[in-house]
Each structure stands twice: as C-alpha cells, then as structure tokens.
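A.B. asks: My questions will all concern the structure given below.
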Amino acid sequence: MLRTTPAPSVEERSKIRRVLEDRLTALARAHQVPGAQLAVHSGGTTLAVETGVLDVDTGEPCTADAAVPIGSITKAYTATVVMLLVADGDVELDDRLGDHVPELRRAGLPCTVRQVLSHTAGLPSGPDSDQVASLTAARYLLDHCTDRTLVMPPGTDFSYSNAGFVAAGRLIETVTGMSWQEAMRSVLLDPLGTVPSFIGTAGAPHRPTARGHSANKASGRTRPVRQNLAPAEAAAGALRASALDLVALGRAHLGDGAAGWLPRALAEEMRRPVPGADPGVLADGWGLGWGLFRHGDTLWFGHDGNAQGTSCFLRADPATGAVVGFTANAGTGTELWHELTDVLGEITGVRVPPTPTPRRLATPMAATSQCTGIYLNGDIEYQVTIGDGGGLALSVDGDLPAPLVCHEDLTCDLVDPSSGRRLPGGRFVRDPRTGAVDRIQLSGRMARKSALV
C-alpha cells in the first residue's frame, strides 16, 4: 500500500499552483530557459504549471500538452514495453538477446535481456549519431555491438549504453512484428493516454512541439538548435513528451494509473537494484530501465534525459506515490532542476532525492601513474595524464585536458577549468584479479585501458 498525504483543498491547490508558477518562471529566466513544464502528483492530485515559450523564434507559448524531446527518458519507455512483452510470455528476462535479435546472434554477443535493460551487458556507449545517420538498427548492431566491442564481461559492472537500447528496440521489433514507434504507440502510449510524438517524424496533429535551445550565459543569447538523433537510435532517445506524460508513466509503474497494465511484480522488479550495477555519479543504483535514487530509507526511481538543447527529469516515490515530471527546452534546464527540487520541498512537501555531489575529502590522493593511460569505450577515447602542475588531467577524444581530482577510494571529480567548480566525474576501477587499474567510469560510461601514456 502506498502511504499518501491528505489532498489539499481547492483553495490550497490554487495557492500552491500560483507560487509554483511564479518560482518556475523566475528560475527559468535566471537560467535562460525559454520554456519549462512541471507536474507534481501527490496526495491523489496532480498540479501542473508551465512558463515561457516553445521556440524563441516563433514565441509560441509553452502549454501543458506541449511535447518536448525527453532524450534518454525514452529508455524507460522502451524498457517498459520490453517488460510488457515479458508479462505476455513473449520474452524471458534471462533469454540471450541473440535468441530474439538475429543480428546479435550473428555477432556472437553473449548478453541477456536483463543485462541490456540494466546497462550491465558490457556494451559500449555507442557511436556519434552523425556517424550512423544512414544505418538501420540491424546494421548498427552488426557494426557496433559485437563480442569484440565489449568494455567488460556481461553482468560484471555498469556501463551506460545507448547501443544497448538500440538492441532493446530491435528486440521489440522482432517480437511484435511492428516498428519501434508503432509498438510504442499501441502497447504503451495509447494505454497511458499519451499522444505519440517522435524526433525525426512529423509532429502529432494538434499537439504543439518544443524546440531545444542553446543558452550562452556570457552573451545572454539563446538560440534554437537542431535535433540530430539517428533513426537507428530511436529506442534510446527519440520520444517527445510533456511533464504530465512523464507523471502518467511514473504513476502507472506505481499501480496508480492505467488499470490492468504492467503486473505489480514486474513493476517492482524494474525498480529493484541489480547486483553489480554501480552507476557511479548517475544514481545510487540501477534497476531495469530505471535509475534508483536514495532518499532516507526509500529508493525513488526515475530517469534523466538530455536531447540537443533540452533537459528533462522524472522521479517517483514508491513509498508515498509522489511523482514529479519536469521538462525544459534548454541545456541549462539541468541547473534549473537542481534549484527547483529545493523549491518543491518548500512549497509542496515533495522532497526529491538530491543530485550527486562531489566528494569533499580534505586530502585527495596524489597523482599516480596507476591511473594514467588511454581508455576506450567504443569510438570514444579518454586519455588520463599527469599535467604540468603534477595533478591528473583528462582529455576526451583529443579535447583540451581538464583537471581531475582523484580520491583514495579511486572516485574522481572533474574540475571546470573556467570556474574551478568541481563536478561529479566517476571512478577508476581495479582488475579484481591483479589489483591494477584497468578501467575508468565517467558519467556512468565504462572505458577499458588500452595503453599507457
């Protein structure tokens, strides 16, 4: 049974809504976010507020039903459709993925459905969208998901992977006989009451759509940006949705939405921590399609999503039934969200789990050659060196190196060269057999050491 708080009166709800709208508007202006939506479900009622515009060029107002590119929150929807296929008996979680996806059977990939949904399959993050713009999902998997591209043995650790969800989307297609978009619509979105809208396809009739934006704080200029997600990557990030749509998904997973939908046991399994899945700075644990966020004695579940110029968040509390959905049509929406979570607690009493913060040890570990080297995740190259000042430095794909602060437990923080701010980075990982540092995990993505520098 969910523990719920008493529903506020109509007058109280009206007051809360006005205060939320005012605070959201002020924060959006402060962070150069053209438009934002917030939906909060608590105590059996849902409050929704929005502010600003969908596109700075057209000035079209941001409304509650507007669809925003939600980026990787799409993965939670894809994982949910896979679980509905499990509920129907069409798929088993411990099936080899190659049993359902011919391309992966030919590639010799040994991972299971469960491992793909929990990012423990060992697959690389995936190539840049521009590199695979002309590929089908089948060709993408043949080229980029083989036993030779694994960054770790399946089931041994966590590495966030867009490629894994390309595989999950392909599984949906082979099992249902429909395209991923068609299956998403008929199996999940229609039952949820969500009007389908996807990047790369025409917008839904009569549904406004937001554009992403880039905000330059130095100049104060905000401009629209283009979405460049490759069609093959649709299952990893192509969905557009509103904050209210996100709340509908969270409520359904709590048994507080679409009747006769996902069986309770499977919904609970999706938010159960997977052993060995350490997502580092992304969350406190990971389930099947969900990030897990500790708040006191409770593990909330949810997902973050960043498309080109958008920042979106979903959080849900199994203990109380509270669900929060947020969308912003600018990359600076992430900073807005961090401030907004404090505001939510003050105004509504819904206290969202805090975002991971950098470790504040008094004596960081001295730079050591055990951490230096070239680390690879698919086509991404991370180079860790000892910089001119004697500390560690990180370069990604040849970019200018940035300072890296490492601690005795091998966790590390990135240092913004312009501001000096420390940001949660990740961790170095030792080979359990030899004790040598052989991997690095940054923003949840694991890379294996390939050479010394």
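Ligands are numbered from 1 in the order shown, residues from 1 within each chain, and chains are lettered A, B, ... in the order they appear in the structure tokens.
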At a cut-off of 7 Å, using only C-alpha atoms, what residues contact Gly333 of chain A? Leave out same-chain residues fewer than 3 positions from it and give the result as a list in words.
C.D. replies: Val33, Thr310, Ser311, Ala328, Ala330, Leu336 and Trp337 of chain A
A.B. asks: Go ahead and save the picked residues with N, CA and C atoms, as a compact mmCIF listing (two decimals), in the first residue's frame.
C.D. replies:
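Written out: result-v9.txt:
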# COMPACT_ATOMS: atom_id res chain seq x y z
N VAL A 33 16.24 29.67 -19.69
CA VAL A 33 15.43 28.57 -20.24
C VAL A 33 14.18 29.19 -20.86
N THR A 310 17.69 20.29 -24.61
CA THR A 310 16.61 20.07 -23.66
C THR A 310 17.16 19.33 -22.44
N SER A 311 16.48 19.50 -21.30
CA SER A 311 16.85 18.80 -20.06
C SER A 311 15.56 18.40 -19.36
N ALA A 328 12.49 21.04 -19.75
CA ALA A 328 13.00 22.37 -20.06
C ALA A 328 13.59 22.34 -21.46
N ALA A 330 16.06 23.94 -22.84
CA ALA A 330 17.42 24.48 -22.93
C ALA A 330 18.34 23.57 -22.13
N LEU A 336 18.49 24.52 -13.57
CA LEU A 336 17.18 24.93 -13.08
C LEU A 336 16.58 23.82 -12.21
N TRP A 337 16.65 22.57 -12.69
CA TRP A 337 16.09 21.43 -11.96
C TRP A 337 16.72 21.30 -10.58
A.B. asks: Using only C-alpha atoms for the distances, tell me which of A:Asp317, A:Thr120, A:Thr74, A:Val86 is nearest to Leu189 of chain A.
C.D. replies: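 Result for the nearest residue to Leu189 of chain A: A:Thr74.
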A.B. asks: As a VMD selection string, please: all residues of segment 62-266 of chain A that backbone DSSP puts in strand (DSSP E).
C.D. replies: chain A and resid 68 to 69 213 to 216 221 to 224 240 to 241
A.B. asks: Excluding same-chain residues fewer than 2 positions from segment 379-381 of chain A, what lies within 7 Å of it counting only C-alpha atoms, as a list in words?
C.D. replies: Pro127, Ile374, Tyr375, Leu376, Asn377, Gln383, Val396 and Asp397 of chain A
A.B. asks: Write out the residues from the selection above, keeping C-alpha atoms, as an mmCIF file, in the first residue's frame.
C.D. replies:
data_model
loop_
_atom_site.group_PDB
_atom_site.id
_atom_site.type_symbol
_atom_site.label_atom_id
_atom_site.label_comp_id
_atom_site.auth_asym_id
_atom_site.auth_seq_id
_atom_site.Cartn_x
_atom_site.Cartn_y
_atom_site.Cartn_z
ATOM 1 C CA PRO A 127 28.938 5.995 -31.845
ATOM 2 C CA ILE A 374 44.322 5.645 -22.757
ATOM 3 C CA TYR A 375 40.874 4.212 -22.064
ATOM 4 C CA LEU A 376 38.429 3.205 -24.803
ATOM 5 C CA ASN A 377 34.632 2.910 -24.904
ATOM 6 C CA GLN A 383 43.276 9.958 -22.049
ATOM 7 C CA VAL A 396 38.186 13.192 -24.270
ATOM 8 C CA ASP A 397 38.711 12.487 -27.972
#
A.B. asks: May I ask which of the residues A:Leu314, A:Ala168, A:Ala393, A:Val175 is the closest one to Val247 of chain A, counting only C-alpha atoms?
C.D. replies: A:Leu314
A.B. asks: Pick out the residues sitting within 8 Å of segment 141-151 of chain A, and hand them over as an NGL selection string; count only C-alpha atoms, and ignore anything fewer than 3 positions along from it in its own chain.
C.D. replies: :A and (103-104 or 106-110 or 122-124 or 126-127 or 137-138 or 163 or 166-167 or 376-378 or 446-448)
A.B. asks: Assign secondary structure with DSSP using the backbone only, and return the residues of segment 235-317 of chain A in helix (DSSP H, G or I) as a list of chain:residue names.
C.D. replies: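 Matching residues for helix (DSSP H, G or I) in segment 235-317 of chain A are A:Ala235, A:Ala236, A:Gly237, A:Ala243, A:Leu244, A:Asp245, A:Leu246, A:Val247, A:Ala248, A:Leu249, A:Gly250, A:Arg251, A:Ala252, A:His253, A:Arg264, A:Ala265, A:Leu266, A:Ala267, A:Glu268, A:Glu269, A:Met270, A:Gly280, A:Val281, A:Leu282.
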A.B. asks: Identify, on the basis of only C-alpha atoms, every residue whose closest approach to Ser118 of chain A does not exceed 7 Å; exclude the query and any residue fewer than 5 positions from it along the same chain; express the result as a list in words.
C.D. replies: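 Using only C-alpha atoms, the neighbours found are Trp286, Gly287, Leu288 and Gly289 of chain A.
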A.B. asks: Could you please determine the separation between atom CA of Asp431 of chain A and atom CA of Val384 of chain A in Å, to one decimal place?
C.D. replies: 17.5 Å
A.B. asks: Just to confirm, what's the straight-line distance from atom CA of Met270 of chain A to atom CA of Ser242 of chain A in Å (one decimal)?
C.D. replies: 22.6 Å
A.B. asks: Could you pull the residues within 7 Å of segment 345-354 of chain A, counting only C-alpha atoms, minus those fewer than 2 positions along the same chain, as number ranges by chain?
C.D. replies: A: 16, 293-295, 341-343, 356
A.B. asks: Kindly give the distance, in Å, that separates atom CA of Val195 of chain A and atom CA of Leu117 of chain A, rounded to a single decimal.
C.D. replies: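 For atom CA of Val195 of chain A relative to atom CA of Leu117 of chain A, the distance reads 24.7 Å.
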